[in-house]
file target.txt (compact mmCIF, C-alpha atoms)
# COMPACT_ATOMS: atom_id res chain seq x y z
CA MET A 1 144.32 182.22 69.52
CA SER A 2 145.89 184.72 71.92
CA ASN A 3 146.26 184.32 75.65
CA ILE A 4 145.45 187.63 77.35
CA LEU A 5 145.92 188.89 80.90
CA LEU A 6 143.52 191.54 82.20
CA LEU A 7 144.74 193.52 85.22
CA GLY A 8 142.28 194.97 87.66
CA PRO A 9 139.21 194.95 85.43
CA GLY A 10 137.16 197.31 87.54
CA LYS A 11 133.42 197.06 87.00
CA SER A 12 133.29 197.05 83.21
CA ARG A 13 134.75 195.54 80.05
CA ALA A 14 133.69 198.58 78.02
CA ARG A 15 137.31 199.49 77.26
CA ILE A 16 137.93 196.06 75.77
CA ASP A 17 134.71 195.61 73.84
CA GLY A 18 134.28 199.26 72.89
CA LYS A 19 137.70 200.14 71.52
CA PRO A 20 138.44 198.50 68.17
CA GLU A 21 142.08 199.64 68.29
CA PHE A 22 142.54 197.36 71.31
CA GLY A 23 140.56 194.50 69.80
CA ILE A 24 137.99 192.13 71.25
CA VAL A 25 139.02 189.85 74.11
CA PRO A 26 136.94 186.65 74.23
CA ASP A 27 136.34 185.11 77.66
CA GLU A 28 137.97 181.79 76.83
CA VAL A 29 141.44 183.31 76.45
CA LEU A 30 141.24 185.75 79.34
CA THR A 31 143.03 185.50 82.67
CA VAL A 32 142.10 188.07 85.30
CA LEU A 33 144.61 189.24 87.89
CA ASP A 34 143.22 191.47 90.63
CA TYR A 35 143.18 191.74 94.39
CA ASP A 36 139.43 192.38 94.71
CA LYS A 37 137.42 189.16 95.17
CA VAL A 38 134.17 191.00 94.37
CA VAL A 39 135.51 192.01 90.98
CA LEU A 40 136.79 188.49 90.35
CA ALA A 41 133.30 187.12 90.93
CA GLU A 42 132.06 189.22 88.00
CA TRP A 43 134.49 187.46 85.64
CA GLN A 44 133.49 183.83 86.24
CA ASN A 45 133.30 183.15 82.49
CA SER A 46 137.00 183.85 81.97
CA ALA A 47 139.45 180.99 81.57
CA GLU A 48 141.12 181.68 84.91
CA CYS A 49 140.93 184.13 87.79
CA VAL A 50 144.06 184.64 89.87
CA SER A 51 144.19 186.78 92.97
CA CYS A 52 147.30 188.79 93.74
CA ASP A 53 147.67 192.08 95.55
CA LEU A 54 148.86 194.38 92.80
CA ARG A 55 149.25 197.27 95.22
CA TYR A 56 152.48 196.21 96.89
CA GLY A 57 154.64 194.73 94.16
CA HIS A 58 154.12 191.07 95.05
CA LEU A 59 155.42 188.58 92.50
CA TRP A 60 152.56 187.50 90.26
CA PRO A 61 151.67 183.79 90.46
CA LEU A 62 151.85 183.41 86.67
CA SER A 63 154.30 181.58 84.41
CA ASN A 64 157.01 183.36 82.45
CA GLY A 65 156.16 184.14 78.83
CA SER A 66 152.60 182.88 79.08
CA PHE A 67 150.66 185.85 77.65
CA ASP A 68 150.45 187.52 74.25
CA ALA A 69 149.03 190.72 75.74
CA VAL A 70 148.28 192.47 79.03
CA HIS A 71 145.26 194.81 79.20
CA ALA A 72 145.10 197.36 82.03
CA TYR A 73 142.22 199.84 81.98
CA GLU A 74 142.01 202.59 84.59
CA VAL A 75 144.00 200.54 87.11
CA LEU A 76 147.68 201.48 86.78
CA ASN A 77 146.99 204.98 88.10
CA LEU A 78 145.35 203.53 91.24
CA LEU A 79 148.28 201.37 92.34
CA PRO A 80 150.19 202.96 95.22
CA GLY A 81 153.84 202.61 95.93
CA ASP A 82 157.23 204.06 95.47
CA GLU A 83 159.56 203.62 92.53
CA TYR A 84 160.43 200.06 93.61
CA VAL A 85 156.79 198.97 93.45
CA PHE A 86 156.40 200.76 90.09
CA PHE A 87 159.38 198.99 88.55
CA ARG A 88 158.38 195.60 90.04
CA LEU A 89 154.93 195.97 88.49
CA TRP A 90 156.46 196.53 85.05
CA ARG A 91 159.04 193.78 85.62
CA ASP A 92 156.20 191.31 86.16
CA MET A 93 154.37 192.52 83.06
CA TRP A 94 157.53 191.99 81.04
CA ARG A 95 158.11 188.59 82.66
CA VAL A 96 154.65 187.14 81.86
CA LEU A 97 154.58 188.47 78.28
CA LYS A 98 155.79 186.41 75.35
CA PRO A 99 158.44 188.00 73.10
CA ASN A 100 156.88 190.96 71.25
CA GLY A 101 153.89 190.80 73.61
CA ARG A 102 152.03 194.05 74.15
CA VAL A 103 150.56 196.07 77.01
CA TYR A 104 147.34 197.96 76.22
CA ALA A 105 146.48 200.51 78.89
CA THR A 106 144.29 203.48 79.67
CA THR A 107 144.57 205.99 82.50
CA PRO A 108 143.01 209.36 83.21
CA HIS A 109 144.76 212.18 81.37
CA TRP A 110 147.22 214.21 83.45
CA GLN A 111 145.17 217.35 82.69
CA SER A 112 141.86 215.74 83.61
CA ARG A 113 140.13 216.98 86.71
CA TRP A 114 139.56 213.34 87.69
CA ILE A 115 143.26 212.58 88.01
CA HIS A 116 143.34 215.11 90.85
CA ALA A 117 139.76 214.89 92.14
CA TYR A 118 139.45 211.13 92.72
CA PRO A 119 140.87 210.20 96.15
CA GLY A 120 142.20 206.84 94.95
CA GLN A 121 144.69 208.26 92.42
CA GLN A 122 148.28 207.29 93.15
CA ARG A 123 150.28 207.83 89.95
CA VAL A 124 149.91 209.97 86.83
CA TYR A 125 150.95 208.29 83.57
CA THR A 126 152.53 210.45 80.88
CA PRO A 127 154.74 209.79 77.85
CA GLU A 128 157.67 210.90 80.02
CA LEU A 129 156.88 208.24 82.64
CA LEU A 130 156.76 205.58 79.92
CA ALA A 131 160.29 206.61 78.89
CA TYR A 132 161.55 205.04 82.13
CA LEU A 133 160.55 201.64 80.74
CA ASP A 134 162.38 202.07 77.42
CA HIS A 135 166.17 201.62 77.30
CA GLY A 136 166.24 203.50 73.99
CA LYS A 137 164.92 206.72 75.53
CA HIS A 138 167.56 209.02 76.95
CA LEU A 139 166.51 210.50 80.27
CA THR A 140 169.02 212.04 82.63
CA ALA A 141 166.50 211.37 85.41
CA LYS A 142 167.12 207.63 85.02
CA SER A 143 170.30 208.18 87.01
CA ASP A 144 168.06 209.01 89.99
CA PHE A 145 167.58 205.25 90.44
CA PRO A 146 171.11 203.79 90.31
CA ASP A 147 170.13 200.61 92.17
CA LEU A 148 167.24 200.00 89.74
CA TRP A 149 168.91 200.96 86.46
CA PRO A 150 169.54 199.50 83.97
CA LEU A 151 166.34 197.53 84.23
CA PRO A 152 166.35 193.82 83.32
CA TYR A 153 163.60 194.46 80.79
CA ASN A 154 162.82 196.79 77.92
CA PHE A 155 159.52 198.09 76.54
CA VAL A 156 159.12 200.19 73.41
CA THR A 157 156.25 202.65 73.14
CA VAL A 158 154.28 201.66 70.05
CA GLU A 159 151.61 204.35 70.47
CA ALA A 160 150.52 206.88 73.08
CA TRP A 161 147.65 209.30 72.56
CA ASP A 162 145.22 211.58 74.35
CA VAL A 163 141.52 210.76 74.41
CA CYS A 164 139.00 213.58 74.03
CA ALA A 165 135.20 213.38 74.12
CA HIS A 166 135.11 215.73 71.13
CA PRO A 167 137.74 217.85 69.34
CA GLU A 168 137.09 221.02 71.36
CA ALA A 169 137.07 219.25 74.74
CA PRO A 170 140.14 218.95 76.97
CA PRO A 171 141.71 215.49 77.11
CA GLN A 172 140.04 213.08 79.51
CA GLY A 173 142.14 209.98 79.03
CA PHE A 174 145.56 208.75 78.06
CA GLN A 175 145.98 205.48 76.16
CA PHE A 176 149.16 203.69 75.27
CA VAL A 177 150.53 200.51 73.78
CA LEU A 178 153.93 199.15 74.79
CA GLU A 179 155.76 196.19 73.26
CA LYS A 180 158.18 193.81 74.97
CA LYS A 181 161.63 193.87 73.35

call {"tool": "encode", "arguments": {"input": "target.txt", "output": "structure tokens"}}
result
Amino acid sequence: MSNILLLGPGKSRARIDGKPEFGIVPDEVLTVLDYDKVVLAEWQNSAECVSCDLRYGHLWPLSNGSFDAVHAYEVLNLLPGDEYVFFRLWRDMWRVLKPNGRVYATTPHWQSRWIHAYPGQQRVYTPELLAYLDHGKHLTAKSDFPDLWPLPYNFVTVEAWDVCAHPEAPPQGFQFVLEKK
């Protein structure tokens, strides 16, 4: 049975239970990591609830290589911070994942009105942003962070796709799966 970490679950597990491509996450294998005690109270059936302020790049109080997967739904785009906080967040995800562990994430689409209309938005996720986490992708912009590059971790993008309500509608969401290498 898998051991799964859920970051910042928000108010709903609809993304987990409603998306077969991400699978079903049973409570007994779920660890919740979030800074909001109110949200944690809603997840009392999970195996463990750990509080850590994800907003400022604090080291997560979790063991190395202890999770098969990390699920992050509509939370990564809300985390503030500069490039150091961004890279520390992904460093911790890599650290707590087992070899070949995966990150399953959703964010608002970069063309969605909600990515610009919601006052809590901090970062827009795109395939180009994910390239910063993959040593195999060649980006000249990586040289903009000489003190951070090369990173001590490496993710490979398994899948990344736009989510539309129906074929004629503009994209509303962006989903991606990364794998620890």

call {"tool": "closest_residue", "arguments": {"input": "target.txt", "among": "A:Thr107, A:Asn154, A:Ser51, A:Leu178", "to": "Val75 of chain A", "atoms": "all atoms listed in the file"}}
result
A:Thr107

call {"tool": "atom_distance", "arguments": {"input": "target.txt", "atom1": "atom CA of Trp161 of chain A", "atom2": "atom CA of Glu74 of chain A"}}
result
14.9 Å

call {"tool": "atom_distance", "arguments": {"input": "target.txt", "atom1": "atom CA of Glu83 of chain A", "atom2": "atom CA of Arg113 of chain A"}}
result
24.3 Å

call {"tool": "closest_residue", "arguments": {"input": "target.txt", "among": "A:Tyr73, A:Tyr153, A:Tyr118, A:Tyr56", "to": "Trp94 of chain A", "atoms": "all atoms listed in the file"}}
result
A:Tyr153

call {"tool": "closest_residue", "arguments": {"input": "target.txt", "among": "A:Glu128, A:Val50, A:Gln111, A:Cys164", "to": "Leu6 of chain A", "atoms": "only C-alpha atoms"}}
result
A:Val50

call {"tool": "axis_aligned_box", "arguments": {"input": "target.txt", "around": "segment 125-136 of chain A", "padding_each_side": "3 Å", "output": "lines of an AutoDock Vina configuration file"}}
result
center_x = 158.6
center_y = 206.3
center_z = 78.8
size_x = 21.3
size_y = 15.3
size_z = 15.6

call {"tool": "closest_residue", "arguments": {"input": "target.txt", "among": "A:Phe86, A:Met93, A:Pro80, A:Asp162", "to": "Leu129 of chain A", "atoms": "all atoms listed in the file"}}
result
A:Phe86

call {"tool": "closest_residue", "arguments": {"input": "target.txt", "among": "A:Pro152, A:Gly81, A:Gly120, A:Gly173", "to": "Leu54 of chain A", "atoms": "all atoms listed in the file"}}
result
A:Gly81

call {"tool": "atom_distance", "arguments": {"input": "target.txt", "atom1": "atom CA of His166 of chain A", "atom2": "atom CA of Trp110 of chain A"}}
result
17.3 Å

call {"tool": "closest_residue", "arguments": {"input": "target.txt", "among": "A:Tyr125, A:Trp60, A:Phe176, A:Phe67", "to": "Gly101 of chain A", "atoms": "only C-alpha atoms"}}
result
A:Phe67

call {"tool": "residues_around", "arguments": {"input": "target.txt", "residues": "Ala131 of chain A", "least_positions_apart": "4", "cutoff": "10 Å", "atoms": "only C-alpha atoms", "output": "NGL selection string"}}
result
:A and (126-127 or 135-139 or 142 or 155-157)

call {"tool": "residues_around", "arguments": {"input": "target.txt", "residues": "Gly57 of chain A", "least_positions_apart": "2", "cutoff": "6 Å", "atoms": "only C-alpha atoms", "output": "PyMOL selection string"}}
result
chain A and resi 54+85+88-89

call {"tool": "build_atoms", "arguments": {"input": "target.txt", "residues": "segment 152-168 of chain A", "atoms": "N, CA, C and O atoms", "output": "mmCIF file, keeping the file's coordinate frame"}}
result
data_model
loop_
_atom_site.group_PDB
_atom_site.id
_atom_site.type_symbol
_atom_site.label_atom_id
_atom_site.label_comp_id
_atom_site.auth_asym_id
_atom_site.auth_seq_id
_atom_site.Cartn_x
_atom_site.Cartn_y
_atom_site.Cartn_z
ATOM 1 N N PRO A 152 166.150 195.099 84.013
ATOM 2 C CA PRO A 152 166.350 193.820 83.320
ATOM 3 C C PRO A 152 165.292 193.568 82.238
ATOM 4 O O PRO A 152 165.085 192.450 81.832
ATOM 5 N N TYR A 153 164.611 194.600 81.820
ATOM 6 C CA TYR A 153 163.600 194.460 80.790
ATOM 7 C C TYR A 153 163.579 195.726 79.945
ATOM 8 O O TYR A 153 164.169 196.731 80.316
ATOM 9 N N ASN A 154 162.871 195.640 78.821
ATOM 10 C CA ASN A 154 162.820 196.790 77.920
ATOM 11 C C ASN A 154 161.491 196.790 77.174
ATOM 12 O O ASN A 154 161.143 195.814 76.524
ATOM 13 N N PHE A 155 160.747 197.869 77.299
ATOM 14 C CA PHE A 155 159.520 198.090 76.540
ATOM 15 C C PHE A 155 159.769 199.200 75.540
ATOM 16 O O PHE A 155 160.517 200.137 75.809
ATOM 17 N N VAL A 156 159.102 199.122 74.404
ATOM 18 C CA VAL A 156 159.120 200.190 73.410
ATOM 19 C C VAL A 156 157.705 200.727 73.300
ATOM 20 O O VAL A 156 156.743 199.952 73.226
ATOM 21 N N THR A 157 157.564 202.043 73.316
ATOM 22 C CA THR A 157 156.250 202.650 73.140
ATOM 23 C C THR A 157 155.856 202.553 71.680
ATOM 24 O O THR A 157 156.508 203.129 70.816
ATOM 25 N N VAL A 158 154.796 201.808 71.413
ATOM 26 C CA VAL A 158 154.280 201.660 70.050
ATOM 27 C C VAL A 158 153.404 202.867 69.715
ATOM 28 O O VAL A 158 153.537 203.457 68.648
ATOM 29 N N GLU A 159 152.506 203.202 70.631
ATOM 30 C CA GLU A 159 151.610 204.350 70.470
ATOM 31 C C GLU A 159 151.274 204.915 71.832
ATOM 32 O O GLU A 159 151.223 204.186 72.814
ATOM 33 N N ALA A 160 151.026 206.212 71.879
ATOM 34 C CA ALA A 160 150.520 206.880 73.080
ATOM 35 C C ALA A 160 149.715 208.083 72.592
ATOM 36 O O ALA A 160 150.208 208.862 71.781
ATOM 37 N N TRP A 161 148.484 208.205 73.052
ATOM 38 C CA TRP A 161 147.650 209.300 72.560
ATOM 39 C C TRP A 161 146.656 209.746 73.625
ATOM 40 O O TRP A 161 146.322 209.006 74.542
ATOM 41 N N ASP A 162 146.226 210.997 73.463
ATOM 42 C CA ASP A 162 145.220 211.580 74.350
ATOM 43 C C ASP A 162 143.834 211.212 73.836
ATOM 44 O O ASP A 162 143.627 211.096 72.636
ATOM 45 N N VAL A 163 142.902 211.076 74.760
ATOM 46 C CA VAL A 163 141.520 210.760 74.410
ATOM 47 C C VAL A 163 140.641 211.942 74.789
ATOM 48 O O VAL A 163 140.654 212.385 75.936
ATOM 49 N N CYS A 164 139.903 212.452 73.811
ATOM 50 C CA CYS A 164 139.000 213.580 74.030
ATOM 51 C C CYS A 164 137.573 213.161 73.670
ATOM 52 O O CYS A 164 137.374 212.392 72.730
ATOM 53 N N ALA A 165 136.607 213.671 74.405
ATOM 54 C CA ALA A 165 135.200 213.380 74.120
ATOM 55 C C ALA A 165 134.803 213.946 72.764
ATOM 56 O O ALA A 165 134.043 213.340 72.020
ATOM 57 N N HIS A 166 135.296 215.125 72.440
ATOM 58 C CA HIS A 166 135.110 215.730 71.130
ATOM 59 C C HIS A 166 136.286 216.677 70.897
ATOM 60 O O HIS A 166 137.009 217.025 71.842
ATOM 61 N N PRO A 167 136.528 217.100 69.669
ATOM 62 C CA PRO A 167 137.740 217.850 69.340
ATOM 63 C C PRO A 167 137.978 219.119 70.171
ATOM 64 O O PRO A 167 139.113 219.477 70.424
ATOM 65 N N GLU A 168 136.915 219.784 70.605
ATOM 66 C CA GLU A 168 137.090 221.020 71.360
ATOM 67 C C GLU A 168 137.257 220.771 72.856
ATOM 68 O O GLU A 168 137.579 221.685 73.606
#
